[in-house]
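As stored in upload04.txt (compact mmCIF, C-alpha atoms):
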# COMPACT_ATOMS: atom_id res chain seq x y z
CA MET A 1 100.88 115.19 -54.54
CA LYS A 2 99.14 113.20 -51.80
CA ASN A 3 101.06 110.73 -49.73
CA VAL A 4 99.22 107.43 -49.15
CA VAL A 5 100.48 104.96 -46.56
CA LEU A 6 99.19 101.38 -46.66
CA ILE A 7 99.62 99.37 -43.46
CA SER A 8 99.45 95.60 -43.60
CA ALA A 9 98.83 94.28 -40.10
CA SER A 10 98.37 90.56 -40.35
CA PRO A 11 100.15 88.80 -37.49
CA LYS A 12 101.01 85.84 -39.76
CA MET A 13 104.69 85.12 -40.33
CA ALA A 14 105.30 83.50 -43.71
CA GLU A 15 101.84 82.20 -44.57
CA GLN A 16 99.63 83.92 -47.09
CA SER A 17 97.48 86.61 -45.53
CA LEU A 18 94.23 88.06 -46.83
CA SER A 19 94.99 91.50 -45.37
CA LYS A 20 98.26 91.66 -47.29
CA TYR A 21 96.65 90.33 -50.46
CA LEU A 22 93.88 92.95 -50.32
CA LEU A 23 96.37 95.76 -49.78
CA GLU A 24 98.38 94.56 -52.78
CA ILE A 25 95.24 94.88 -54.89
CA LEU A 26 94.60 98.37 -53.53
CA GLU A 27 98.25 99.30 -54.04
CA GLY A 28 97.96 98.24 -57.68
CA MET A 29 95.04 100.62 -58.06
CA VAL A 30 97.03 103.59 -56.70
CA ASN A 31 98.37 104.68 -60.09
CA SER A 32 97.40 108.32 -60.27
CA PRO A 33 100.39 110.67 -60.72
CA SER A 34 98.89 112.78 -57.94
CA LEU A 35 99.37 109.97 -55.39
CA LYS A 36 102.59 108.73 -53.82
CA LYS A 37 102.42 105.40 -52.00
CA ASN A 38 104.33 103.74 -49.17
CA THR A 39 103.64 100.38 -47.57
CA ILE A 40 104.41 99.26 -44.03
CA ASP A 41 104.27 95.67 -42.82
CA VAL A 42 103.64 95.84 -39.07
CA ARG A 43 105.22 92.49 -38.22
CA LYS A 44 108.38 93.33 -40.18
CA SER A 45 108.50 96.82 -38.72
CA ILE A 46 108.40 95.48 -35.17
CA SER A 47 110.64 92.45 -35.65
CA HIS A 48 113.25 94.44 -37.66
CA HIS A 49 113.11 97.33 -35.13
CA THR A 50 112.33 99.88 -37.84
CA THR A 51 109.24 101.36 -36.19
CA ASP A 52 110.77 104.84 -35.76
CA GLU A 53 111.51 105.09 -39.50
CA ASP A 54 108.00 103.83 -40.27
CA PHE A 55 106.42 106.22 -37.75
CA THR A 56 108.18 109.10 -39.54
CA ILE A 57 106.67 107.93 -42.86
CA LEU A 58 103.30 107.62 -41.16
CA SER A 59 103.48 111.12 -39.68
CA GLN A 60 103.88 112.56 -43.18
CA ALA A 61 100.87 110.77 -44.66
CA ASP A 62 97.84 112.47 -46.15
CA ALA A 63 95.93 109.20 -46.16
CA LEU A 64 96.31 105.98 -44.25
CA VAL A 65 94.77 102.58 -45.00
CA ILE A 66 95.09 99.89 -42.31
CA ALA A 67 94.23 96.27 -43.22
CA PHE A 68 94.03 93.57 -40.57
CA PRO A 69 92.17 90.44 -39.48
CA LEU A 70 89.74 90.54 -36.57
CA TYR A 71 91.18 89.02 -33.37
CA PHE A 72 88.78 88.53 -30.45
CA PHE A 73 86.35 91.16 -31.75
CA CYS A 74 89.00 93.87 -32.12
CA LEU A 75 92.58 94.51 -33.28
CA PRO A 76 95.36 91.90 -33.14
CA GLY A 77 97.87 92.59 -30.35
CA ILE A 78 100.67 93.31 -32.81
CA LEU A 79 98.69 96.13 -34.47
CA THR A 80 97.60 97.44 -31.08
CA ARG A 81 101.30 97.66 -30.12
CA PHE A 82 102.16 99.51 -33.35
CA LEU A 83 99.39 102.11 -32.99
CA GLU A 84 99.97 102.58 -29.26
CA ASP A 85 103.68 103.17 -29.90
CA TYR A 86 102.88 105.56 -32.75
CA LEU A 87 100.80 107.73 -30.42
CA ASN A 88 103.68 107.77 -27.92
CA PHE A 89 106.13 108.59 -30.75
CA MET A 90 103.96 111.56 -31.74
CA LYS A 91 103.85 112.81 -28.16
CA LYS A 92 107.60 112.32 -27.62
CA HIS A 93 108.53 114.19 -30.82
CA GLU A 94 105.71 116.72 -30.45
CA ILE A 95 104.46 115.88 -33.94
CA GLN A 96 101.43 117.77 -35.14
CA SER A 97 99.48 115.41 -37.37
CA LYS A 98 98.59 116.55 -40.88
CA PRO A 99 94.85 116.50 -41.66
CA MET A 100 95.15 112.82 -42.54
CA LYS A 101 92.26 110.69 -43.78
CA VAL A 102 92.08 107.19 -42.29
CA TYR A 103 90.45 104.07 -43.75
CA THR A 104 90.43 100.49 -42.59
CA ILE A 105 89.86 97.08 -44.16
CA VAL A 106 88.92 94.45 -41.54
CA ASN A 107 88.31 90.81 -42.35
CA CYS A 108 86.92 87.99 -40.26
CA GLY A 109 86.56 84.23 -40.72
CA PHE A 110 83.00 84.35 -39.43
CA PRO A 111 80.48 84.89 -42.23
CA GLU A 112 78.85 88.04 -40.86
CA PRO A 113 80.78 91.24 -41.78
CA GLY A 114 79.07 93.33 -39.09
CA ILE A 115 81.10 91.56 -36.40
CA ASN A 116 84.03 93.78 -37.48
CA LEU A 117 82.27 96.97 -36.39
CA GLU A 118 83.97 97.38 -33.01
CA ALA A 119 87.39 96.91 -34.62
CA ALA A 120 86.53 99.68 -37.09
CA ARG A 121 85.50 101.86 -34.14
CA VAL A 122 88.90 101.26 -32.53
CA ILE A 123 90.55 102.65 -35.68
CA GLN A 124 88.11 105.55 -35.48
CA SER A 125 89.17 106.18 -31.87
CA PHE A 126 92.86 105.95 -32.87
CA SER A 127 92.19 108.55 -35.59
CA HIS A 128 90.57 110.82 -33.06
CA HIS A 129 93.52 110.47 -30.66
CA ILE A 130 96.05 111.44 -33.34
CA HIS A 131 93.79 114.26 -34.64
CA ALA A 132 93.19 112.54 -37.98
CA TYR A 133 89.88 112.03 -39.82
CA PHE A 134 88.40 108.56 -39.82
CA ARG A 135 86.53 108.17 -43.09
CA PHE A 136 85.06 104.65 -43.36
CA ALA A 137 85.70 100.93 -42.98
CA ILE A 138 85.41 98.03 -45.37
CA MET A 139 84.20 95.14 -43.22
CA ILE A 140 84.52 91.66 -44.71
CA GLY A 141 82.87 88.44 -43.53
CA GLY A 142 83.85 84.93 -44.64
CA GLY A 143 87.39 86.15 -45.21
CA GLY A 144 88.97 82.69 -45.06
CA MET A 145 87.18 81.71 -48.22
CA LEU A 146 88.36 84.68 -50.27
CA LEU A 147 91.88 83.33 -50.53
CA GLU A 148 91.05 79.62 -50.47
CA ALA A 149 88.66 79.87 -53.39
CA LYS A 150 89.55 83.22 -54.90
CA ASP A 151 88.94 82.22 -58.54
CA ALA A 152 85.65 80.43 -57.88
CA PRO A 153 82.73 81.80 -59.94
CA PHE A 154 80.55 82.34 -56.86
CA LEU A 155 83.10 84.84 -55.53
CA LYS A 156 83.08 87.04 -58.62
CA LYS A 157 80.49 89.40 -57.19
CA THR A 158 82.33 89.64 -53.87
CA TRP A 159 85.57 90.57 -55.63
CA ARG A 160 83.71 93.11 -57.76
CA ASN A 161 82.25 94.66 -54.59
CA LEU A 162 85.71 94.77 -53.04
CA ASN A 163 87.16 96.48 -56.10
CA ASP A 164 84.35 99.04 -56.00
CA ALA A 165 85.02 99.66 -52.31
CA PHE A 166 88.74 100.14 -52.96
CA ALA A 167 87.91 102.58 -55.78
CA LYS A 168 85.78 104.49 -53.29
CA ILE A 169 88.75 104.79 -50.93
CA LEU A 170 90.94 106.17 -53.73
CA GLN A 171 88.24 108.57 -54.86
CA ASP A 172 87.82 109.87 -51.32
CA ILE A 173 91.58 110.25 -50.80
CA GLN A 174 91.75 112.51 -53.85
CA SER A 175 88.75 114.54 -52.81
CA ASP A 176 89.09 117.58 -50.58
CA THR A 177 85.68 117.07 -49.02
CA PHE A 178 84.86 115.37 -45.72
CA ASP A 179 81.24 114.35 -46.29
CA ASP A 180 80.14 111.38 -44.17
CA ILE A 181 80.52 107.98 -45.81
CA GLU A 182 78.94 104.82 -44.40
CA ASN A 183 81.03 101.75 -43.63
CA ILE A 184 80.87 99.11 -46.37
CA CYS A 185 79.94 95.50 -45.51
CA ILE A 186 81.11 92.77 -47.86
CA SER A 187 80.18 89.15 -47.42
CA VAL A 188 80.63 85.94 -49.35
CA LYS A 189 77.39 84.70 -50.88
CA PHE A 190 77.63 81.08 -49.83
CA PRO A 191 75.24 78.84 -47.84
CA ARG A 192 76.02 79.29 -44.16
CA ARG A 193 75.47 75.63 -43.29
CA LEU A 194 77.84 74.49 -46.03
CA TYR A 195 80.43 77.11 -45.01
CA PHE A 196 80.38 75.75 -41.44
CA MET A 197 80.55 72.15 -42.64
CA MET A 198 83.54 72.85 -44.88
CA GLY A 199 85.29 74.90 -42.19
CA ASN A 200 84.79 72.26 -39.52
CA HIS A 201 85.95 69.49 -41.85
CA ASN A 202 89.02 71.55 -42.73
CA TRP A 203 90.18 71.71 -39.09
CA LYS A 204 89.90 67.94 -38.75
CA SER A 205 91.75 67.43 -42.00
CA LEU A 206 94.59 69.79 -40.98
CA ALA A 207 94.88 68.05 -37.59
CA LYS A 208 95.07 64.69 -39.34
CA GLN A 209 97.96 65.97 -41.44
CA ASN A 210 99.74 66.63 -38.13
CA GLY A 211 99.19 63.04 -37.00
CA LEU A 212 96.25 63.82 -34.73
CA LYS A 213 92.94 62.00 -34.43
CA LYS A 214 89.56 63.74 -34.33
CA LYS A 215 89.25 63.22 -30.55
CA ASP A 216 92.65 64.90 -30.01
CA LEU A 217 91.15 68.20 -31.15
CA TYR A 218 89.06 68.24 -27.97
CA PHE A 219 92.01 67.75 -25.60
CA THR A 220 91.71 69.73 -22.34
CA PRO A 221 95.26 70.18 -21.00
CA TYR A 222 94.49 72.59 -18.16
CA GLN A 223 91.55 70.94 -16.36
CA MET B 224 89.04 79.61 -4.26
CA LYS B 225 91.50 81.21 -6.55
CA ALA B 226 91.45 84.57 -8.35
CA THR B 227 93.93 85.49 -11.06
CA ILE B 228 94.62 89.15 -11.68
CA ILE B 229 96.22 90.09 -14.98
CA THR B 230 97.87 93.50 -15.23
CA ASP B 231 99.96 95.60 -17.60
CA LYS B 232 103.44 96.49 -16.36
CA GLU B 233 103.62 99.48 -18.72
CA TYR B 234 100.70 101.29 -17.09
CA SER B 235 101.58 101.17 -13.39
CA SER B 236 100.15 104.63 -12.77
CA GLU B 237 98.97 105.99 -9.44
CA THR B 238 95.41 105.07 -10.46
CA PHE B 239 96.56 101.53 -11.13
CA GLN B 240 98.30 101.25 -7.75
CA LYS B 241 95.13 102.31 -5.94
CA LEU B 242 93.03 99.93 -7.99
CA GLN B 243 95.37 97.03 -7.32
CA VAL B 244 95.36 97.62 -3.56
CA SER B 245 91.55 97.85 -3.52
CA ILE B 246 91.19 94.58 -5.45
CA VAL B 247 93.61 92.66 -3.23
CA THR B 248 91.97 93.92 -0.06
CA PHE B 249 88.52 93.01 -1.37
CA LEU B 250 89.50 89.52 -2.56
CA LYS B 251 91.20 88.77 0.77
CA THR B 252 88.04 89.62 2.68
CA LYS B 253 86.18 87.18 0.40
CA GLY B 254 88.69 84.43 1.18
CA PHE B 255 90.36 84.24 -2.24
CA GLU B 256 93.89 83.08 -2.87
CA THR B 257 95.21 85.59 -5.43
CA GLU B 258 97.68 85.09 -8.26
CA PHE B 259 99.10 88.21 -9.91
CA ILE B 260 100.45 88.15 -13.45
CA ASN B 261 102.02 91.43 -14.52
CA ILE B 262 102.74 91.49 -18.25
CA GLY B 263 105.59 93.55 -19.66
CA ARG B 264 106.38 94.52 -23.25
CA ASP B 265 108.79 91.64 -23.84
CA ASP B 266 107.00 88.93 -21.86
CA LEU B 267 104.67 87.64 -24.57
CA THR B 268 105.29 86.83 -28.20
CA TYR B 269 102.55 88.11 -30.51
CA CYS B 270 100.02 85.56 -31.70
CA MET B 271 101.07 84.62 -35.23
CA GLY B 272 97.73 83.21 -36.36
CA CYS B 273 99.21 79.77 -37.02
CA PHE B 274 96.30 77.88 -35.37
CA GLY B 275 98.85 75.42 -33.95
CA CYS B 276 96.84 75.59 -30.70
CA TRP B 277 93.98 73.91 -32.59
CA ILE B 278 95.65 71.56 -35.06
CA GLN B 279 99.14 70.80 -33.77
CA LYS B 280 98.99 70.88 -29.98
CA PRO B 281 95.26 71.24 -29.23
CA GLY B 282 94.57 73.37 -26.17
CA GLU B 283 98.09 74.76 -25.86
CA CYS B 284 99.94 77.55 -27.61
CA VAL B 285 102.91 76.27 -29.61
CA MET B 286 105.02 79.20 -28.33
CA ASN B 287 106.35 78.57 -24.85
CA ASP B 288 106.53 81.77 -22.82
CA LEU B 289 104.62 83.44 -19.96
CA MET B 290 101.37 82.60 -21.76
CA THR B 291 101.66 78.95 -20.76
CA LYS B 292 101.45 80.00 -17.11
CA ILE B 293 98.65 82.49 -17.85
CA ASN B 294 96.47 79.89 -19.59
CA GLN B 295 97.14 77.37 -16.80
CA GLU B 296 96.18 79.86 -14.08
CA TYR B 297 93.25 81.16 -16.10
CA MET B 298 91.60 77.78 -16.50
CA ASN B 299 92.11 76.92 -12.83
CA SER B 300 90.67 80.09 -11.30
CA ALA B 301 87.15 80.82 -10.15
CA THR B 302 87.52 84.35 -11.44
CA VAL B 303 89.98 86.20 -13.66
CA ILE B 304 90.21 89.95 -13.35
CA TYR B 305 91.97 91.99 -15.99
CA LEU B 306 93.05 95.47 -14.95
CA CYS B 307 92.97 97.04 -18.40
CA PRO B 308 94.43 100.33 -19.50
CA VAL B 309 91.89 101.56 -22.05
CA ILE B 310 93.69 102.62 -25.23
CA PHE B 311 91.66 103.75 -28.27
CA GLY B 312 88.60 102.23 -26.55
CA GLN B 313 90.31 98.84 -26.54
CA PHE B 314 92.81 96.92 -24.40
CA SER B 315 96.45 97.98 -24.19
CA ALA B 316 98.86 95.96 -26.35
CA ASN B 317 100.16 93.80 -23.49
CA ILE B 318 96.67 92.86 -22.31
CA LYS B 319 95.51 92.31 -25.90
CA ASN B 320 98.39 89.90 -26.51
CA ALA B 321 97.28 87.85 -23.52
CA ILE B 322 93.69 87.82 -24.79
CA ASP B 323 94.72 86.85 -28.34
CA ARG B 324 96.76 83.99 -27.00
CA SER B 325 93.91 82.58 -24.94
CA LEU B 326 92.63 81.14 -28.23
CA PRO B 327 93.71 77.57 -27.28
CA ASN B 328 90.96 77.61 -24.64
CA MET B 329 88.34 77.53 -27.41
CA LEU B 330 87.64 74.90 -30.07
CA PRO B 331 88.20 75.72 -33.74
CA PHE B 332 84.74 74.86 -35.03
CA PHE B 333 81.93 77.21 -36.02
CA GLU B 334 78.61 77.25 -34.18
CA THR B 335 75.57 79.49 -34.39
CA ARG B 336 74.48 81.34 -31.28
CA GLN B 337 70.90 81.97 -30.29
CA ASP B 338 71.03 85.44 -31.82
CA GLY B 339 72.12 83.94 -35.16
CA SER B 340 75.75 85.07 -35.00
CA THR B 341 78.77 82.77 -35.22
CA MET B 342 80.99 81.60 -32.37
CA HIS B 343 83.71 79.11 -31.55
CA PRO B 344 82.48 76.51 -29.06
CA PRO B 345 84.15 76.14 -25.65
CA ARG B 346 86.90 73.57 -25.09
CA TYR B 347 86.09 73.22 -21.39
CA ILE B 348 82.84 72.70 -19.49
CA SER B 349 83.44 75.64 -17.19
CA TYR B 350 85.44 78.85 -17.29
CA PRO B 351 86.36 81.51 -14.76
CA LYS B 352 84.06 84.46 -14.27
CA LEU B 353 85.68 87.21 -16.32
CA ILE B 354 85.85 90.78 -15.08
CA MET B 355 87.40 93.58 -17.10
CA ILE B 356 88.19 96.72 -15.13
CA GLY B 357 89.12 99.56 -17.46
CA TYR B 358 91.18 102.48 -16.24
CA GLY B 359 92.86 105.53 -17.68
CA ASP B 360 92.98 109.28 -17.30
CA ASN B 361 90.23 111.33 -18.90
CA LEU B 362 88.55 108.43 -20.71
CA SER B 363 85.99 109.78 -23.17
CA GLU B 364 82.42 108.52 -23.13
CA GLU B 365 82.97 107.11 -26.66
CA ASP B 366 86.00 105.08 -25.57
CA ARG B 367 84.15 103.77 -22.50
CA GLN B 368 81.21 102.68 -24.63
CA LEU B 369 83.51 101.04 -27.17
CA PHE B 370 85.39 99.16 -24.44
CA THR B 371 82.05 97.93 -23.09
CA ASP B 372 80.81 96.89 -26.55
CA ILE B 373 84.01 95.03 -27.42
CA ASN B 374 83.67 92.97 -24.27
CA LYS B 375 79.94 92.53 -23.88
CA LYS B 376 78.36 92.65 -27.34
CA HIS B 377 79.57 89.22 -28.40
CA ARG B 378 79.99 87.50 -25.03
CA SER B 379 77.95 86.68 -21.99
CA HIS B 380 79.39 85.87 -18.53
CA ILE B 381 81.64 88.91 -18.60
CA GLU B 382 81.49 92.05 -16.49
CA VAL B 383 82.91 95.41 -17.49
CA LEU B 384 83.70 98.06 -14.91
CA PHE B 385 85.53 101.39 -15.03
CA TYR B 386 87.64 102.22 -12.04
CA GLN B 387 86.65 105.27 -10.09
CA ASN B 388 88.89 106.44 -7.34
CA THR B 389 86.24 106.61 -4.66
CA GLU B 390 86.02 105.00 -1.27
CA ASN B 391 84.49 101.50 -1.36
CA TYR B 392 84.28 101.56 -5.18
CA ILE B 393 85.42 97.94 -5.59
CA ARG B 394 83.22 96.65 -2.75
CA ASP B 395 80.17 98.35 -4.25
CA ALA B 396 80.95 97.44 -7.86
CA PHE B 397 81.45 93.78 -6.99
CA SER B 398 78.41 93.53 -4.73
CA ASP B 399 76.18 91.98 -7.44
CA ILE B 400 78.84 89.85 -9.14
CA LYS B 401 79.13 86.16 -8.34
CA LEU B 402 82.81 85.29 -8.31
CA GLU B 403 82.48 81.67 -9.37
CA LYS B 404 82.97 79.53 -12.46
CA VAL B 405 80.51 79.84 -15.32
CA GLY B 406 79.43 77.75 -18.32
CA GLY B 407 81.66 77.78 -21.35
CA HIS B 408 79.64 79.27 -24.17
CA LEU B 409 80.52 82.81 -25.13

Could the structure of this file be written out as structure tokens, please?
Amino acid sequence: MKNVVLISASPKMAEQSLSKYLLEILEGMVNSPSLKKNTIDVRKSISHHTTDEDFTILSQADALVIAFPLYFFCLPGILTRFLEDYLNFMKKHEIQSKPMKVYTIVNCGFPEPGINLEAARVIQSFSHHIHAYFRFAIMIGGGGMLLEAKDAPFLKKTWRNLNDAFAKILQDIQSDTFDDIENICISVKFPRRLYFMMGNHNWKSLAKQNGLKKKDLYFTPYQ
Amino acid sequence: MKATIITDKEYSSETFQKLQVSIVTFLKTKGFETEFINIGRDDLTYCMGCFGCWIQKPGECVMNDLMTKINQEYMNSATVIYLCPVIFGQFSANIKNAIDRSLPNMLPFFETRQDGSTMHPPRYISYPKLIMIGYGDNLSEEDRQLFTDINKKHRSHIEVLFYQNTENYIRDAFSDIKLEKVGGHL
């Protein structure tokens, strides 16, 4: 029996999060009797002060999947806190890590998936520091659109690619080999110019709903 | 001229103390007024990805804590120097929180850079010169390279240094850096 821990690390409070949604899909695919699954929500773990219990679960994992959105070209602060504290927890309790396999799913609102690479490398570095094995990353561009238009026909191929990538994670978890696997880039096939136009219009529309005018978006309070 | 120095209270090691003294001494000789902001574990709320700083209260975070002061000082300094503990090749959690919550200083829209990648345009005409000084014991070459890539690959107008405890390190490292405001584009 292999113990799989899925970590959802979106900083969002109540709003829908792509990271969480993707992990729910992956969780639904973990149905082999040889796999046991646990999920950890980083925001809940920190705000409910249950990190020590969650760190114990994490220390017993055979495989770890961390899903998060890109923040300033790397990890969100809340996930950084969780992983930093986990390393300190391991040192404090003198925990010897199992030969754990680590995967990550990083999504970004920008269309190009490659921008997530440094964030994936941070997870690789984390794996190295806890003596685990980083396997590969699924790097997603145009993430905002995946939830907004998830049933749209033009996203069918993207969702199929995501499902294939998740299947690859599960296959690798159940394998006893450690052959190198390349990171997987997944993007939304949508005209870039139109994506920008829709995104930019969306910000103005949301601001309007809050009683703001277009010019208010450009307010410069500190200079 | 004003310089803001942002530090992490949780990593006040001996290396940090030496680095801090060197920076203050150097900035004084250059005639800077210095503002220190030392961030502790409970000083900043985590960014919650609400985008209120773009669509509710443009230019300001909707959560009122130490970050209000940090953003105010940041935008009114000629240079901002982060003394960064390097953890997993990235910033420590306290420093990363401060960086995440500087999002109000950018505009929400998408733009294409000269290299074809995407960026958010600047909210202001000018920004402080940013300097990241990484420190830590026994930093691996991989973590140093990653820290450099995170900071420099997608942004211009930013300098990355790694503190070395040698005489005149700061003076020498800063010798080619202009400590003055720069244009806004990343």

Output as a ChimeraX atom specification the set of chain B residues within 8 Å of chain A, with distances taken over all atoms listed in the file.
/B:269-273,277-279,281-283,294-295,298-299,310-313,315-317,319-320,322-323,330-334,340-342,346-347,366,369,372-373,377

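Pairwise distance (atom CA of Leu147 of chain A, atom CA of Trp159 of chain A) equals 10.9 Å.
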
Hey, what's within 8 Å of Tyr305 of chain B if we count all atoms listed in the file and toss same-chain stuff fewer than 6 positions away? As a VMD selection string, please?
chain B and resid 228 to 230 318 353 to 356

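What separates atom CA of Ala396 of chain B from atom CA of Glu296 of chain B is a distance of 24.1 Å.
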
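Between atom CA of Phe136 of chain A and atom CA of Thr177 of chain A there is a distance of 13.7 Å.
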
At a cut-off of 10 Å, using all atoms listed in the file, what residues contact segment 240-250 of chain B? Leave out same-chain residues fewer than 2 positions from it and give the result as an MDAnalysis selection string.
chainID B and resid 225:226 228 230 234:238 252:259 304 306 356 358 386:394 397 402

Which residues, protein or nucleic acid, reach to within 12 Å of (84.5, 83.0, -20.4) in the file's coordinates when using all atoms listed in the file, and can you give that as a PyMOL selection string?
chain B and resi 297-298+300-304+322+325-326+328-329+343-355+374-375+377-382+403-409

Polymer residues at most 9 Å from (103.0, 96.8, -47.6) by only C-alpha atoms, as an MDAnalysis selection string
chainID A and resid 5:9 20 23:24 27 38:42

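With only C-alpha atoms taken into account, the protein and nucleic acid residues at most 12 Å from segment 30-35 of chain A (excluding it and anything under 2 positions from it in its own chain) are Met1, Lys2, Asn3, Val4, Val5, Leu6, Leu23, Glu24, Ile25, Leu26, Glu27, Gly28, Lys37, Asn38, Thr39, Ala61, Asp62, Ala63, Val65, Phe166, Ala167, Lys168, Ile169, Leu170, Gln171, Ile173, Gln174 and Ser175 of chain A.
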
Report as a PDB file with C-alpha atoms, keeping the file's coordinate frame all protein, DNA and RNA residues lying within 8 Å of Cys284 of chain B, evaluated on all atoms listed in the file, omitting residues in the same chain fewer than 3 positions from it.
ATOM      1  CA  GLY B 275      98.850  75.420 -33.950  1.00  0.00           C
ATOM      2  CA  CYS B 276      96.840  75.590 -30.700  1.00  0.00           C
ATOM      3  CA  LYS B 280      98.990  70.880 -29.980  1.00  0.00           C
ATOM      4  CA  ASN B 287     106.350  78.570 -24.850  1.00  0.00           C
ATOM      5  CA  MET B 290     101.370  82.600 -21.760  1.00  0.00           C
ATOM      6  CA  THR B 291     101.660  78.950 -20.760  1.00  0.00           C
ATOM      7  CA  ARG B 324      96.760  83.990 -27.000  1.00  0.00           C
ATOM      8  CA  PRO B 327      93.710  77.570 -27.280  1.00  0.00           C
TER       9      PRO B 327
END

Do you know which residues are at most 6 Å from segment 181-185 of chain A counting all atoms listed in the file, after dropping those on the same chain fewer than 3 positions away, and could you put them as a PyMOL selection string?
chain A and resi 113+136-139

Nearest to Ile46 of chain A: which of B:Arg367, B:Ile293, B:Asp399, B:Asp265 is it, counting all atoms listed in the file?
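Ranked by minimum distance to Ile46 of chain A, first place goes to B:Asp265.
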